[in-house]
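> What follows is final32.cif; its format and atoms are mmCIF, C-alpha atoms and all ligand atoms.
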```
data_target
loop_
_atom_site.label_atom_id
_atom_site.label_comp_id
_atom_site.auth_asym_id
_atom_site.auth_seq_id
_atom_site.Cartn_x
_atom_site.Cartn_y
_atom_site.Cartn_z
CA MET A 1 13.76 -7.96 12.39
CA GLU A 2 15.28 -7.16 15.76
CA LYS A 3 13.44 -4.45 17.65
CA ILE A 4 15.15 -1.15 18.45
CA ASP A 5 15.99 -0.17 22.03
CA ILE A 6 14.38 3.27 21.72
CA LYS A 7 15.48 4.62 25.10
CA SER A 8 19.14 4.18 24.15
CA LEU A 9 18.82 6.61 21.21
CA THR A 10 20.19 10.14 21.51
CA LEU A 11 17.87 12.85 20.18
CA PRO A 12 19.63 13.07 16.77
CA LYS A 13 19.43 9.26 16.43
CA LEU A 14 15.74 9.28 17.38
CA GLU A 15 15.11 12.05 14.85
CA LYS A 16 16.71 9.92 12.17
CA LEU A 17 14.56 6.91 13.10
CA VAL A 18 11.37 8.98 13.13
CA GLN A 19 12.15 10.39 9.70
CA GLU A 20 12.91 6.92 8.35
CA MET A 21 9.44 5.94 9.56
CA GLY A 22 8.03 8.74 7.39
CA LEU A 23 7.09 10.96 10.33
CA PRO A 24 7.83 14.66 10.88
CA LYS A 25 11.02 15.35 12.86
CA TYR A 26 9.24 17.09 15.76
CA ARG A 27 7.71 13.77 16.76
CA ALA A 28 11.17 12.73 18.00
CA GLY A 29 11.17 15.53 20.59
CA GLN A 30 7.73 14.46 21.80
CA ILE A 31 8.74 10.81 22.15
CA PHE A 32 12.04 11.77 23.76
CA ARG A 33 10.25 13.80 26.47
CA TRP A 34 7.91 10.88 27.19
CA LEU A 35 10.87 8.58 27.62
CA HIS A 36 13.27 10.81 29.53
CA GLN A 37 11.19 13.42 31.37
CA LYS A 38 7.93 11.63 32.09
CA GLN A 39 9.82 8.32 32.03
CA VAL A 40 6.90 6.20 30.81
CA LEU A 41 7.47 2.48 30.61
CA SER A 42 5.13 1.78 27.66
CA PHE A 43 4.14 3.38 24.34
CA ALA A 44 0.48 3.20 25.42
CA GLU A 45 1.14 5.99 27.94
CA MET A 46 2.29 8.47 25.25
CA SER A 47 -1.13 10.09 25.21
CA ASP A 48 -0.51 12.88 22.71
CA LEU A 49 0.46 10.42 19.98
CA SER A 50 -2.26 8.79 17.88
CA GLY A 51 -3.16 5.18 18.62
CA GLU A 52 -1.88 4.25 15.18
CA LEU A 53 1.53 5.81 15.81
CA ARG A 54 1.83 4.21 19.24
CA GLU A 55 1.18 0.81 17.70
CA LYS A 56 3.65 1.46 14.93
CA LEU A 57 6.32 2.38 17.50
CA ALA A 58 5.54 -0.67 19.64
CA GLY A 59 5.92 -2.88 16.56
CA LYS A 60 9.36 -1.49 15.74
CA CYS A 61 10.85 -0.58 19.13
CA TYR A 62 10.86 -1.59 22.78
CA ILE A 63 11.36 0.25 26.07
CA ASN A 64 13.98 -1.56 28.11
CA PRO A 65 12.71 -2.31 31.65
CA VAL A 66 14.90 -2.31 34.78
CA SER A 67 13.46 -3.21 38.17
CA ILE A 68 14.61 -2.69 41.74
CA LYS A 69 15.35 -6.17 43.05
CA LYS A 70 16.65 -5.17 46.45
CA LYS A 71 16.99 -1.91 48.33
CA LEU A 72 19.12 -1.43 51.42
CA VAL A 73 19.01 1.73 53.53
CA SER A 74 21.90 2.52 55.85
CA ALA A 75 20.84 3.04 59.44
CA LEU A 76 24.00 5.08 59.93
CA ASP A 77 23.63 7.81 57.31
CA GLY A 78 20.58 7.12 55.10
CA THR A 79 22.69 6.01 52.10
CA VAL A 80 20.59 3.80 49.83
CA LYS A 81 21.93 0.89 47.86
CA TYR A 82 19.89 -0.44 44.95
CA LEU A 83 20.32 -3.83 43.35
CA TYR A 84 18.70 -3.59 39.92
CA GLU A 85 17.57 -6.52 37.83
CA LEU A 86 17.96 -6.14 34.07
CA ALA A 87 15.68 -7.70 31.44
CA ASP A 88 18.05 -10.67 30.95
CA GLY A 89 18.23 -11.44 34.69
CA ASN A 90 21.66 -9.89 35.28
CA CYS A 91 22.05 -7.62 38.29
CA ILE A 92 23.90 -4.34 38.82
CA GLU A 93 24.16 -1.85 41.69
CA ALA A 94 23.82 1.87 42.30
CA VAL A 95 24.29 3.88 45.49
CA LEU A 96 22.40 7.06 46.40
CA MET A 97 24.21 9.34 48.85
CA GLU A 98 23.28 12.61 50.46
CA TYR A 99 25.91 15.33 50.45
CA HIS A 100 25.59 18.88 51.76
CA HIS A 101 25.07 20.11 48.18
CA GLY A 102 22.41 17.52 47.25
CA MET A 103 21.93 13.92 46.19
CA ALA A 104 24.72 12.09 44.40
CA LEU A 105 24.22 8.77 42.65
CA CYS A 106 26.97 6.26 41.92
CA ILE A 107 26.10 3.98 38.99
CA SER A 108 27.44 0.88 37.23
CA THR A 109 28.47 0.91 33.57
CA GLN A 110 28.99 -2.81 32.87
CA VAL A 111 27.81 -6.15 34.24
CA GLY A 112 31.09 -7.21 35.86
CA CYS A 113 34.44 -5.88 34.69
CA ARG A 114 37.43 -7.24 32.78
CA MET A 115 40.13 -4.93 34.13
CA GLY A 116 41.25 -7.38 36.81
CA CYS A 117 42.32 -4.96 39.59
CA LYS A 118 43.47 -7.18 42.43
CA PHE A 119 41.63 -5.35 45.25
CA CYS A 120 38.25 -5.02 43.53
CA ALA A 121 35.17 -7.21 44.08
CA SER A 122 33.51 -6.18 40.78
CA THR A 123 36.08 -7.85 38.58
CA LEU A 124 36.33 -11.21 40.35
CA GLY A 125 33.95 -12.94 37.93
CA GLY A 126 35.10 -11.08 34.81
CA LYS A 127 32.91 -9.04 32.46
CA VAL A 128 29.51 -10.39 31.45
CA ARG A 129 28.45 -7.57 29.13
CA ASP A 130 28.28 -3.81 28.60
CA LEU A 131 25.29 -1.83 29.83
CA THR A 132 23.21 -0.04 27.23
CA PRO A 133 22.54 3.71 27.49
CA ALA A 134 18.92 2.86 28.43
CA GLU A 135 20.04 0.67 31.32
CA MET A 136 22.38 3.35 32.70
CA LEU A 137 19.62 5.96 32.33
CA GLU A 138 17.19 3.71 34.17
CA GLU A 139 19.66 3.40 37.08
CA VAL A 140 19.31 7.18 37.42
CA TYR A 141 15.58 7.44 36.71
CA ALA A 142 14.58 4.55 39.01
CA ALA A 143 16.60 5.98 41.92
CA GLY A 144 14.96 9.38 41.33
CA ARG A 145 11.45 7.91 41.20
CA ASP A 146 11.99 5.70 44.23
CA SER A 147 13.56 8.38 46.44
CA GLY A 148 11.42 11.27 45.20
CA LYS A 149 14.61 13.36 45.21
CA ARG A 150 16.39 15.26 42.48
CA ILE A 151 19.72 13.72 41.65
CA GLY A 152 22.16 16.62 41.43
CA SER A 153 25.33 14.80 40.58
CA LEU A 154 26.45 11.51 39.21
CA VAL A 155 29.56 9.39 39.61
CA LEU A 156 30.42 6.61 37.19
CA MET A 157 32.19 4.62 39.85
CA GLY A 158 30.05 1.52 40.36
CA ILE A 159 30.61 -1.85 38.69
CA GLY A 160 32.50 -1.73 35.39
CA GLU A 161 35.06 0.36 33.54
CA PRO A 162 33.18 3.23 31.86
CA LEU A 163 35.86 3.85 29.23
CA ASP A 164 35.70 0.16 28.24
CA ASN A 165 32.07 0.84 27.22
CA PHE A 166 32.89 4.12 25.54
CA GLU A 167 30.20 4.74 22.92
CA ASN A 168 27.33 3.62 25.17
CA VAL A 169 28.59 5.83 28.01
CA MET A 170 28.93 8.81 25.65
CA ASP A 171 25.36 8.33 24.34
CA PHE A 172 24.09 7.90 27.91
CA LEU A 173 25.69 11.20 28.95
CA GLU A 174 24.40 12.99 25.85
CA ILE A 175 20.84 11.87 26.62
CA LEU A 176 21.22 12.76 30.29
CA SER A 177 22.38 16.31 29.57
CA CYS A 178 19.79 16.95 26.88
CA PRO A 179 17.37 19.84 27.74
CA GLN A 180 14.48 17.61 26.58
CA GLY A 181 15.66 14.98 29.07
CA LEU A 182 16.86 15.23 32.65
CA ASN A 183 19.11 18.15 31.68
CA LEU A 184 21.93 17.13 34.01
CA SER A 185 25.05 19.04 33.00
CA GLN A 186 28.18 17.00 32.33
CA ARG A 187 29.94 19.31 34.77
CA HIS A 188 28.05 17.45 37.47
CA VAL A 189 29.28 14.07 36.32
CA SER A 190 32.50 12.38 37.46
CA LEU A 191 33.85 9.52 35.44
CA SER A 192 36.19 7.15 37.24
CA THR A 193 38.66 5.16 35.17
CA CYS A 194 41.46 2.69 35.84
CA GLY A 195 43.37 4.62 33.16
CA LEU A 196 42.52 3.67 29.57
CA VAL A 197 44.77 6.25 27.91
CA ASP A 198 43.46 6.01 24.34
CA GLN A 199 39.93 6.71 25.52
CA ILE A 200 41.10 9.60 27.75
CA TYR A 201 42.47 11.18 24.55
CA GLN A 202 39.11 10.62 22.86
CA LEU A 203 37.47 12.54 25.71
CA THR A 204 40.06 15.29 25.29
CA LYS A 205 39.31 15.48 21.57
CA ARG A 206 35.60 15.85 22.31
CA LYS A 207 36.37 18.76 24.70
CA SER A 208 34.64 16.82 27.46
CA GLN A 209 33.40 18.75 30.49
CA LEU A 210 33.37 15.68 32.72
CA THR A 211 35.38 15.50 35.89
CA LEU A 212 37.89 12.76 35.29
CA SER A 213 38.78 10.69 38.28
CA VAL A 214 41.73 8.37 37.76
CA SER A 215 42.25 5.29 39.91
CA LEU A 216 45.97 5.49 40.54
CA HIS A 217 46.42 3.49 43.75
CA ALA A 218 50.21 3.30 43.47
CA PRO A 219 53.18 5.69 43.37
CA ASN A 220 55.25 3.62 40.90
CA ASP A 221 54.96 1.07 38.11
CA ALA A 222 56.30 -1.83 40.16
CA ILE A 223 53.44 -1.61 42.67
CA ARG A 224 50.82 -0.65 40.10
CA ASN A 225 51.76 -3.53 37.77
CA ARG A 226 51.07 -5.94 40.59
CA SER A 227 47.68 -4.55 41.60
CA MET A 228 46.34 -3.20 38.28
CA PRO A 229 47.02 -5.21 35.10
CA VAL A 230 46.04 -2.18 32.97
CA ASN A 231 49.32 -0.56 34.03
CA ARG A 232 51.29 -2.97 31.86
CA LYS A 233 49.64 -1.45 28.82
CA TYR A 234 49.61 2.16 30.02
CA PRO A 235 52.36 2.86 32.59
CA ILE A 236 52.04 5.72 35.06
CA ASP A 237 54.03 8.32 33.05
CA THR A 238 51.90 7.69 29.95
CA LEU A 239 48.74 7.92 32.04
CA LEU A 240 49.79 11.13 33.81
CA LYS A 241 50.69 12.74 30.49
CA ALA A 242 47.19 11.97 29.22
CA CYS A 243 45.76 13.55 32.39
CA ARG A 244 47.86 16.69 31.94
CA ASP A 245 46.75 16.95 28.32
CA TYR A 246 43.10 16.50 29.37
CA PHE A 247 43.44 19.35 31.87
CA THR A 248 45.17 21.63 29.35
CA ALA A 249 42.55 21.02 26.64
CA THR A 250 39.40 21.07 28.76
CA GLY A 251 40.28 23.18 31.82
CA ARG A 252 38.85 20.41 33.99
CA ARG A 253 41.02 19.40 36.92
CA VAL A 254 41.72 15.67 37.19
CA SER A 255 41.42 13.92 40.53
CA PHE A 256 43.17 10.74 41.62
CA GLU A 257 41.83 7.88 43.69
CA TYR A 258 44.33 6.21 45.97
CA ALA A 259 43.15 3.19 48.01
CA LEU A 260 45.52 2.72 50.91
CA ILE A 261 46.44 -0.93 51.39
CA ALA A 262 48.33 -1.74 54.57
CA GLY A 263 51.98 -2.51 53.92
CA VAL A 264 51.60 -2.26 50.13
CA ASN A 265 51.31 1.43 49.17
CA ASP A 266 50.78 3.33 52.42
CA LYS A 267 54.31 3.99 53.69
CA PRO A 268 55.89 7.47 53.98
CA GLU A 269 58.22 6.73 51.05
CA HIS A 270 55.13 6.02 48.90
CA ALA A 271 53.59 9.38 49.83
CA LYS A 272 56.85 11.13 48.87
CA GLU A 273 57.08 9.31 45.56
CA LEU A 274 53.43 10.06 44.78
CA ALA A 275 53.86 13.76 45.60
CA LYS A 276 56.86 13.99 43.30
CA ARG A 277 54.96 12.43 40.43
CA LEU A 278 51.92 14.71 40.80
CA GLN A 279 53.95 17.90 41.21
CA GLY A 280 52.67 20.86 39.18
CA MET A 281 49.45 19.14 38.15
CA ASN A 282 47.09 20.99 40.47
CA ALA A 283 45.97 17.49 41.35
CA HIS A 284 43.52 16.45 43.98
CA VAL A 285 44.05 13.09 45.67
CA ASN A 286 41.19 11.16 47.20
CA LEU A 287 42.49 8.75 49.81
CA ILE A 288 40.34 5.67 50.45
CA PRO A 289 41.12 3.20 53.20
CA VAL A 290 40.85 0.00 51.13
CA ASN A 291 37.61 -1.92 51.55
CA PRO A 292 38.55 -5.41 52.61
CA VAL A 293 37.08 -7.91 50.12
CA GLN A 294 37.19 -11.47 51.40
CA GLU A 295 38.81 -12.94 48.28
CA THR A 296 41.61 -10.34 48.01
CA GLY A 297 43.15 -10.66 51.47
CA MET A 298 44.12 -6.96 51.40
CA LYS A 299 43.90 -5.02 54.64
CA ARG A 300 43.47 -1.39 55.51
CA GLY A 301 45.87 0.43 57.80
CA SER A 302 44.90 2.33 60.94
CA ARG A 303 43.06 5.63 60.85
CA GLU A 304 46.26 7.16 62.15
CA SER A 305 48.34 5.86 59.23
CA VAL A 306 45.81 7.26 56.74
CA ARG A 307 45.99 10.65 58.44
CA ARG A 308 49.79 10.59 58.39
CA PHE A 309 49.79 9.79 54.66
CA GLN A 310 47.44 12.70 54.02
CA GLU A 311 49.53 15.12 56.09
CA LEU A 312 52.72 14.11 54.39
CA LEU A 313 51.15 14.72 50.96
CA ALA A 314 49.85 18.11 52.14
CA SER A 315 53.30 19.10 53.43
CA LEU A 316 54.66 18.32 49.96
CA GLY A 317 52.06 20.56 48.30
CA ILE A 318 49.54 17.89 47.25
CA ASN A 319 45.95 18.50 48.15
CA ALA A 320 44.44 15.28 49.55
CA THR A 321 41.21 14.38 51.31
CA VAL A 322 40.15 11.17 52.97
CA ARG A 323 36.97 9.74 51.48
CA ARG A 324 34.04 9.91 53.88
CA GLU A 325 32.68 6.42 54.26
CA LEU A 326 28.96 6.14 53.67
CA GLY A 327 26.74 3.11 53.98
CA SER A 328 29.39 0.89 55.55
CA ASP A 329 26.61 -1.21 57.16
CA ILE A 330 24.99 -2.06 53.78
CA SER A 331 27.94 -3.26 51.69
CA ALA A 332 27.90 0.03 49.81
CA ALA A 333 31.33 -0.53 48.30
CA CYS A 334 31.15 -1.42 44.65
CA GLY A 335 30.43 -4.96 43.55
CA GLN A 336 29.76 -6.35 47.00
CA LEU A 337 25.96 -6.58 46.89
CA ARG A 338 25.85 -8.10 43.41
CA ARG A 339 28.37 -10.72 44.51
CA GLN A 340 26.43 -11.62 47.61
CA ASP A 341 23.28 -11.91 45.55
CA GLN A 342 25.04 -14.11 43.00
CA GLN A 343 26.50 -16.43 45.57
CA GLY A 344 23.01 -17.47 46.60
CA ARG A 345 22.28 -18.93 43.14
CA PRO A 346 24.04 -20.37 40.10
CA SER A 347 26.28 -17.91 38.26
CA ILE A 348 24.78 -16.37 35.15
CA LEU A 349 28.14 -15.53 33.67
CA GLU A 350 28.38 -16.53 30.04
CA GLY A 351 31.30 -18.61 28.87
CA GLN A 352 32.49 -19.51 32.32
CA LYS A 353 34.11 -22.84 32.97
N1 LIG B 401 36.58 0.99 36.65
C1 LIG B 401 36.56 2.32 37.18
C2 LIG B 401 35.34 2.63 38.03
C3 LIG B 401 34.82 1.56 38.94
S1 LIG B 401 35.74 1.18 40.40
C4 LIG B 401 37.84 2.61 37.92
O1 LIG B 401 38.69 1.74 38.01
O2 LIG B 401 38.03 3.73 38.37
C5 LIG B 401 35.46 2.57 41.44
C6 LIG B 401 36.61 2.91 42.38
O3 LIG B 401 36.66 2.01 43.49
C7 LIG B 401 37.97 2.83 41.71
O4 LIG B 401 38.77 3.89 42.14
C8 LIG B 401 38.47 1.52 42.22
O5 LIG B 401 39.86 1.41 42.09
C9 LIG B 401 37.99 1.55 43.65
N2 LIG B 401 37.98 0.27 44.37
C10 LIG B 401 37.72 -0.94 43.89
N3 LIG B 401 37.81 -1.87 44.87
C11 LIG B 401 38.13 -1.21 45.98
C12 LIG B 401 38.37 -1.62 47.33
N4 LIG B 401 38.31 -2.89 47.70
N5 LIG B 401 38.67 -0.66 48.23
C13 LIG B 401 38.73 0.65 47.85
N6 LIG B 401 38.53 1.08 46.61
C14 LIG B 401 38.23 0.17 45.69
#
```
Could you take the file, read its structure, and then write that structure out as structure tokens?

Amino acid sequence: MEKIDIKSLTLPKLEKLVQEMGLPKYRAGQIFRWLHQKQVLSFAEMSDLSGELREKLAGKCYINPVSIKKKLVSALDGTVKYLYELADGNCIEAVLMEYHHGMALCISTQVGCRMGCKFCASTLGGKVRDLTPAEMLEEVYAAGRDSGKRIGSLVLMGIGEPLDNFENVMDFLEILSCPQGLNLSQRHVSLSTCGLVDQIYQLTKRKSQLTLSVSLHAPNDAIRNRSMPVNRKYPIDTLLKACRDYFTATGRRVSFEYALIAGVNDKPEHAKELAKRLQGMNAHVNLIPVNPVQETGMKRGSRESVRRFQELLASLGINATVRRELGSDISAACGQLRRQDQQGRPSILEGQK
């Protein structure tokens, strides 16, 4: 029988397992605290459980290990980039950044990505597999243990499309916000998506308290179709309607990511078109000078052109900020470190020609 990944179980799921094993329900709370507060890496360390119970658990379940394979610290601003190695040898990345209000961690949700955005390094090799809740939790726990700092906020903006790994991401967030766990409120979590509309409606239905961050990157369907294949399934109007409905149902303001690519989407007419589309949405736009990725050939415009784009949006009533760049000396942009690491050895992608 296949062993159970115990750290991926939400508290209700763990309670069910414990009861199926003929144990009282309160044992689940005890085990859950060992896993998610004390963050032990073996059953042997769960010292208030009997030896017999620990053995029984070890026979039926396993605790998924994740190790720090590489750690880069920016000399410019102290940003830390972690390359984690998973039990099957795959690697993912997370970035720990210091903001005035505390530490923010950016984590990956899949090994690779299948969304195919033309400017993005994470999707170049396709998707290998989804991350489990335990693996996403361990990205957070390991960064906390290593830095000795409390992680105050989380962004799901690393490798992968979080809404393409929906149930695992939902379980991960439930465990993370559990009072018997790290107790990190979902209000301190931002989820970045390329715009999977059906899943945005699922979040709406669940009355999610997440901050939704939508990667828009284009003012019209013609440009977006070229850079983001997902737009052919969910065009901009459909996506923006889902965002408006999310805001109405949850009261959570949606923000939009817009990577400025020189000559592609950064002209004054694009700013005007974007402003018109976002009118009346109380939207916030995050402008990002595109990170040049060798394989994509896309270039960023001058600092001046970014500022002009921002000012034009502001004059048209759209609140926009330019993303502060952190860790630019350590390949902190998503997918870059994993790719560099991969290029040094044979690819571990499954099913690749
Ligand atoms: N799949 C999710 C989250 C991961 S990507 C999403 O699409 O939102 C995180 C963010 O980085 C997204 O906004 C993505 O569009 C952006 N991004 C990817 N490659 C980039 C690049 N080369 N320069 C700037 N932003 C990039």
> Using only C-alpha atoms, pick whichever of A:Gln279, A:Asn165, A:Gln202, A:Ser208 has the shortest atom-to-atom distance to Leu316 of chain A.
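So, comparing all the options, the nearest one is A:Gln279.
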> Which residues form the shell of 9 Å around ligand LIG 401 (chain B) when you count only C-alpha atoms and all ligand atoms, given as an NGL selection string?
:A and (108-109 or 113 or 115 or 117-123 or 156-164 or 191-195 or 213-217 or 228 or 256-261 or 288-293 or 296 or 298 or 300 or 333-335)
> Skipping near chain neighbours, those fewer than 4 positions away, what residues fall within 12 Å of segment 16-27 of chain A using only C-alpha atoms, listed as a PyMOL selection string?
chain A and resi 4-6+9-12+31-34+46+48-50+53-54+56-57+59-61
> Under the rule that all atoms listed in the file are counted, which of A:Ala87, A:Lys272, A:Arg339, A:Ile236 is the nearest residue to Ala314 of chain A?
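Of the candidates, the smallest distance to Ala314 of chain A is held by A:Lys272.
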> Find the distance between atom CA of Ser255 of chain A and atom CA of Met97 of chain A and write it in Å to one decimal.
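The value is 19.7 Å.
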> Compare A:Glu45, A:Asp130, A:Glu138, A:Glu304 by their minimum atom-to-atom distance to Tyr84 of chain A, counting only C-alpha atoms, and give me the closest one.
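Among A:Glu45, A:Asp130, A:Glu138, A:Glu304, it is A:Glu138 that comes nearest to Tyr84 of chain A.
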> Find the distance between atom CA of Thr211 of chain A and atom CA of Ser177 of chain A and write it in Å to one decimal.
14.5 Å
> Quick one: residues within 12 Å of Cys178 of chain A, all atoms listed in the file counted, chain neighbours fewer than 3 positions away excluded, as JSON, numbers by chain?
{"A": [9, 10, 11, 12, 29, 32, 33, 36, 37, 171, 172, 173, 174, 175, 181, 182, 183, 184, 185, 186]}
> Quick one: pull the distance between atom CA of Ala28 of chain A and atom CA of Leu137 of chain A, Å, one decimal.
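So the answer is 18.0 Å.
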> Using all atoms listed in the file, pick whichever of A:Pro229, A:Gly263, A:Gly116, A:Pro268 has the shortest atom-to-atom distance to Arg307 of chain A.
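Result for the nearest residue to Arg307 of chain A: A:Pro268.
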> What's the 9 Å shell around Pro65 of chain A, counting all atoms listed in the file, without same-chain residues fewer than 2 positions away, as a PDB file with C-alpha atoms, in the coordinates of the input?

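The resulting file, result-v3.pdb, is shown below:
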```
ATOM      1  CA  LEU A  41       7.470   2.480  30.610  1.00  0.00           C
ATOM      2  CA  ILE A  63      11.360   0.250  26.070  1.00  0.00           C
ATOM      3  CA  SER A  67      13.460  -3.210  38.170  1.00  0.00           C
ATOM      4  CA  GLU A  85      17.570  -6.520  37.830  1.00  0.00           C
ATOM      5  CA  LEU A  86      17.960  -6.140  34.070  1.00  0.00           C
ATOM      6  CA  ALA A  87      15.680  -7.700  31.440  1.00  0.00           C
ATOM      7  CA  ALA A 134      18.920   2.860  28.430  1.00  0.00           C
ATOM      8  CA  GLU A 135      20.040   0.670  31.320  1.00  0.00           C
ATOM      9  CA  GLU A 138      17.190   3.710  34.170  1.00  0.00           C
TER      10      GLU A 138
END
```
> Pick from A:Leu326, A:Val155, A:Val169, A:Met1: nearest to Lys81 of chain A, with all atoms listed in the file counted?
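Of the candidates, the smallest distance to Lys81 of chain A is held by A:Leu326.
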> Which polymer residues, protein or nucleic acid, are no farther than 8 Å from (46.3, 13.5, 47.6), counting only C-alpha atoms, as a list in words?
Phe256, Tyr258, Ala275, Ala283, His284, Val285, Asn286, Leu287, Gln310, Leu313, Ala314, Ile318, Asn319, Ala320 and Thr321 of chain A
> Using only C-alpha atoms, please write the residues we just selected to a file, as an mmCIF file, in the frame of the given file.

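Heads up, here's the output in again_23.cif:
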```cif
data_model
loop_
_atom_site.group_PDB
_atom_site.id
_atom_site.type_symbol
_atom_site.label_atom_id
_atom_site.label_comp_id
_atom_site.auth_asym_id
_atom_site.auth_seq_id
_atom_site.Cartn_x
_atom_site.Cartn_y
_atom_site.Cartn_z
ATOM 1 C CA PHE A 256 43.170 10.740 41.620
ATOM 2 C CA TYR A 258 44.330 6.210 45.970
ATOM 3 C CA ALA A 275 53.860 13.760 45.600
ATOM 4 C CA ALA A 283 45.970 17.490 41.350
ATOM 5 C CA HIS A 284 43.520 16.450 43.980
ATOM 6 C CA VAL A 285 44.050 13.090 45.670
ATOM 7 C CA ASN A 286 41.190 11.160 47.200
ATOM 8 C CA LEU A 287 42.490 8.750 49.810
ATOM 9 C CA GLN A 310 47.440 12.700 54.020
ATOM 10 C CA LEU A 313 51.150 14.720 50.960
ATOM 11 C CA ALA A 314 49.850 18.110 52.140
ATOM 12 C CA ILE A 318 49.540 17.890 47.250
ATOM 13 C CA ASN A 319 45.950 18.500 48.150
ATOM 14 C CA ALA A 320 44.440 15.280 49.550
ATOM 15 C CA THR A 321 41.210 14.380 51.310
#
```
> Which residue gives the smallest distance to Asp198 of chain A among A:Asp77, A:Ala218, A:Lys233, A:Pro179, with only C-alpha atoms counted?
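Answer, going by the shortest atom-to-atom distance: A:Lys233.
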> May I have the residues within 12 Å of Lys207 of chain A as an mmCIF file with C-alpha atoms, in the frame of the given file, using all atoms listed in the file and disregarding those fewer than 5 positions away in the same chain?

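Saved file result.cif follows:
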```
data_model
loop_
_atom_site.group_PDB
_atom_site.id
_atom_site.type_symbol
_atom_site.label_atom_id
_atom_site.label_comp_id
_atom_site.auth_asym_id
_atom_site.auth_seq_id
_atom_site.Cartn_x
_atom_site.Cartn_y
_atom_site.Cartn_z
ATOM 1 C CA GLN A 186 28.180 17.000 32.330
ATOM 2 C CA ARG A 187 29.940 19.310 34.770
ATOM 3 C CA ILE A 200 41.100 9.600 27.750
ATOM 4 C CA TYR A 201 42.470 11.180 24.550
ATOM 5 C CA GLN A 202 39.110 10.620 22.860
ATOM 6 C CA ASP A 245 46.750 16.950 28.320
ATOM 7 C CA TYR A 246 43.100 16.500 29.370
ATOM 8 C CA PHE A 247 43.440 19.350 31.870
ATOM 9 C CA THR A 248 45.170 21.630 29.350
ATOM 10 C CA ALA A 249 42.550 21.020 26.640
ATOM 11 C CA THR A 250 39.400 21.070 28.760
ATOM 12 C CA GLY A 251 40.280 23.180 31.820
ATOM 13 C CA ARG A 252 38.850 20.410 33.990
#
```
> So that I can see what lies close to Phe309 of chain A, please list as a short mmCIF file (atom, residue, chain, number, x, y, z; two decimals) with C-alpha atoms, in the coordinates of the input the residues with an atom at most 8 Å from it, counting only C-alpha atoms and leaving out residues fewer than 2 positions away in the same chain.

```
data_model
loop_
_atom_site.label_atom_id
_atom_site.label_comp_id
_atom_site.auth_asym_id
_atom_site.auth_seq_id
_atom_site.Cartn_x
_atom_site.Cartn_y
_atom_site.Cartn_z
CA ASP A 266 50.78 3.33 52.42
CA LYS A 267 54.31 3.99 53.69
CA PRO A 268 55.89 7.47 53.98
CA ALA A 271 53.59 9.38 49.83
CA SER A 305 48.34 5.86 59.23
CA VAL A 306 45.81 7.26 56.74
CA ARG A 307 45.99 10.65 58.44
CA GLU A 311 49.53 15.12 56.09
CA LEU A 312 52.72 14.11 54.39
CA LEU A 313 51.15 14.72 50.96
#
```
> Could you complete segment 204-211 of chain A so that it carries N, CA, C and O atoms, and give it back as a CSV table (one decimal), keeping the file's coordinate frame?

```csv
chain,number,residue,atom,x,y,z
A,204,THR,N,39.4,14.0,25.5
A,204,THR,CA,40.1,15.3,25.3
A,204,THR,C,39.7,15.9,23.9
A,204,THR,O,39.4,17.1,23.8
A,205,LYS,N,39.6,15.0,22.9
A,205,LYS,CA,39.3,15.5,21.6
A,205,LYS,C,37.9,16.0,21.5
A,205,LYS,O,37.6,17.0,20.8
A,206,ARG,N,37.0,15.4,22.3
A,206,ARG,CA,35.6,15.8,22.3
A,206,ARG,C,35.4,17.1,23.2
A,206,ARG,O,34.3,17.5,23.5
A,207,LYS,N,36.5,17.6,23.8
A,207,LYS,CA,36.4,18.8,24.7
A,207,LYS,C,35.4,18.5,25.8
A,207,LYS,O,34.5,19.3,26.2
A,208,SER,N,35.5,17.3,26.4
A,208,SER,CA,34.6,16.8,27.5
A,208,SER,C,34.6,17.8,28.6
A,208,SER,O,35.6,18.4,28.9
A,209,GLN,N,33.5,17.9,29.3
A,209,GLN,CA,33.4,18.8,30.5
A,209,GLN,C,33.2,17.9,31.7
A,209,GLN,O,32.9,18.4,32.8
A,210,LEU,N,33.5,16.6,31.6
A,210,LEU,CA,33.4,15.7,32.7
A,210,LEU,C,34.5,15.9,33.7
A,210,LEU,O,35.6,16.3,33.3
A,211,THR,N,34.3,15.6,35.0
A,211,THR,CA,35.4,15.5,35.9
A,211,THR,C,36.0,14.1,35.8
A,211,THR,O,35.2,13.1,35.9
```
